[in-house]
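One file, query06.cif, is given below (mmCIF, C-alpha atoms).
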```
data_run
loop_
_atom_site.label_atom_id
_atom_site.label_comp_id
_atom_site.auth_asym_id
_atom_site.auth_seq_id
_atom_site.Cartn_x
_atom_site.Cartn_y
_atom_site.Cartn_z
CA MET A 382 85.04 96.96 89.29
CA LEU A 383 88.21 98.15 87.61
CA CYS A 384 90.55 100.27 89.76
CA ARG A 385 92.63 103.22 88.59
CA CYS A 386 90.86 103.34 85.26
CA GLU A 387 89.77 106.22 83.00
CA SER A 388 89.00 104.33 79.80
CA ILE A 389 87.36 101.06 78.77
CA HIS A 390 86.63 99.29 75.49
CA THR A 391 84.15 96.67 74.39
CA PHE A 392 86.10 95.29 71.42
CA GLY A 393 85.62 91.54 71.18
CA MET A 394 82.52 91.55 73.39
CA LYS A 395 79.32 89.92 72.18
CA TYR A 396 76.86 91.75 74.45
CA ALA A 397 76.16 95.25 75.75
CA ILE A 398 77.24 96.44 79.21
CA ASP A 399 76.27 99.13 81.70
CA VAL A 400 79.24 101.29 82.74
CA ALA A 401 79.77 103.88 85.49
CA PHE A 402 82.98 105.90 85.80
CA VAL A 403 83.50 106.93 89.42
CA ARG A 404 85.86 109.54 90.91
CA ARG A 405 88.07 108.61 93.85
CA ASP A 406 85.63 110.34 96.23
CA GLY A 407 82.79 108.08 95.03
CA TYR A 408 80.85 110.47 92.76
CA VAL A 409 79.83 109.18 89.33
CA LEU A 410 81.33 111.20 86.47
CA LEU A 411 79.79 109.32 83.57
CA SER A 412 77.17 106.60 83.35
CA LYS A 413 76.22 104.72 80.18
CA ARG A 414 73.59 102.03 79.82
CA SER A 415 73.70 99.31 77.15
CA LEU A 416 77.11 100.25 75.72
CA GLY A 417 77.41 98.01 72.69
CA PRO A 418 80.34 95.97 71.37
CA CYS A 419 83.29 97.63 69.58
CA ARG A 420 83.12 100.89 71.54
CA LEU A 421 85.69 102.99 73.40
CA LEU A 422 84.65 105.19 76.33
CA THR A 423 86.79 107.57 78.42
CA ALA A 424 86.06 109.73 81.47
CA TYR A 425 89.13 111.68 82.55
CA GLY A 426 89.30 112.03 86.31
CA SER A 427 87.66 108.70 87.07
CA TYR A 428 89.38 106.30 89.45
CA TYR A 429 87.03 103.31 89.33
CA VAL A 430 84.87 101.84 86.60
CA LEU A 431 81.87 99.67 87.41
CA GLU A 432 80.68 97.26 84.71
CA ARG A 433 77.94 94.66 84.40
CA PRO A 434 75.99 93.03 81.57
CA ALA A 435 73.29 95.45 80.39
CA SER A 436 70.22 95.24 82.61
CA GLN A 437 66.99 97.06 83.41
CA GLU A 438 67.88 96.96 87.11
CA PRO A 439 68.85 100.23 88.87
CA TRP A 440 72.28 101.65 88.02
CA PRO A 441 74.19 104.70 89.32
CA THR A 442 73.58 107.92 87.41
CA GLU A 443 75.93 110.87 86.86
CA GLY A 444 76.39 112.84 90.09
CA ALA A 445 75.29 109.94 92.32
CA LEU A 446 77.47 108.88 95.24
CA VAL A 447 78.65 105.26 95.10
CA GLU A 448 79.80 103.74 98.36
CA LEU A 449 81.59 100.41 98.48
CA MET A 450 81.55 98.26 101.58
CA TRP A 451 84.08 95.51 102.15
CA THR A 452 82.97 92.63 104.35
CA GLU A 453 84.99 89.94 106.00
CA ASP A 454 84.52 86.39 104.86
CA GLU A 455 82.77 84.55 107.69
CA ARG A 456 84.07 81.10 106.74
CA GLU A 457 86.23 79.35 109.33
#
```
The structure in this file should be written as structure tokens.
Amino acid sequence: MLCRCESIHTFGMKYAIDVAFVRRDGYVLLSKRSLGPCRLLTAYGSYYVLERPASQEPWPTEGALVELMWTEDERE
């Protein structure tokens, strides 16, 4: 997760990624699957960007609500 971000690039990357641009209220503005290397992508109004290596697993779509939950580390 990248915070306070409206634009990302994949220059120098060797693999595709899934990307979701999320507004501050948690709604997805733009979602792209398998964004290849040497690309630039912008979504004005986004506050967070979620990234992961491209996958067939579920991924947030445009208009979906993304909720993040912080948990405390239970180590002593």
Worksheet item: If the PyMOL selection byres ((chain A and resi 432-436) around 12) is run on the structure shown, which residues does it catch, given as a PyMOL selection string?
Response: chain A and resi 382-384+386+388-391+394-403+412-418+429-431+437-441
Discussion item. Between atom CA of A:Gly393 and atom CA of A:Cys419, what is the distance in Å, rounded to a tenth?
Written reply: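 Between atom CA of A:Gly393 and atom CA of A:Cys419 the gap is 6.7 Å.
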Using the chain letters and numbering of this document, enumerate as a PDB file with C-alpha atoms, in the frame of the given file the residues selected by the PyMOL selection byres ((chain A and resi 409) around 7).
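See out04.pdb below for the written result:
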```
ATOM      1  CA  ALA A 401      79.770 103.880  85.490  1.00  0.00           C
ATOM      2  CA  PHE A 402      82.980 105.900  85.800  1.00  0.00           C
ATOM      3  CA  VAL A 403      83.500 106.930  89.420  1.00  0.00           C
ATOM      4  CA  ARG A 404      85.860 109.540  90.910  1.00  0.00           C
ATOM      5  CA  GLY A 407      82.790 108.080  95.030  1.00  0.00           C
ATOM      6  CA  TYR A 408      80.850 110.470  92.760  1.00  0.00           C
ATOM      7  CA  LEU A 410      81.330 111.200  86.470  1.00  0.00           C
ATOM      8  CA  LEU A 411      79.790 109.320  83.570  1.00  0.00           C
ATOM      9  CA  THR A 442      73.580 107.920  87.410  1.00  0.00           C
ATOM     10  CA  GLU A 443      75.930 110.870  86.860  1.00  0.00           C
ATOM     11  CA  GLY A 444      76.390 112.840  90.090  1.00  0.00           C
ATOM     12  CA  ALA A 445      75.290 109.940  92.320  1.00  0.00           C
ATOM     13  CA  LEU A 446      77.470 108.880  95.240  1.00  0.00           C
TER      14      LEU A 446
END
```
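Across the chains present, the PyMOL selection byres ((chain A and resi 387) around 7) applied to this file returns Arg385, Cys386, Ser388, Thr423, Ala424, Tyr425, Gly426, Ser427 and Tyr428 of chain A.
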Box time for stretch 408-411 of chain A: axis-aligned, enclosing all its listed atoms, 8 Å extra on each side; report centre and edge lengths in Å to one decimal, as JSON.
```
{"center_x": 80.6, "center_y": 110.2, "center_z": 88.2, "size_x": 17.5, "size_y": 18.0, "size_z": 25.2}
```
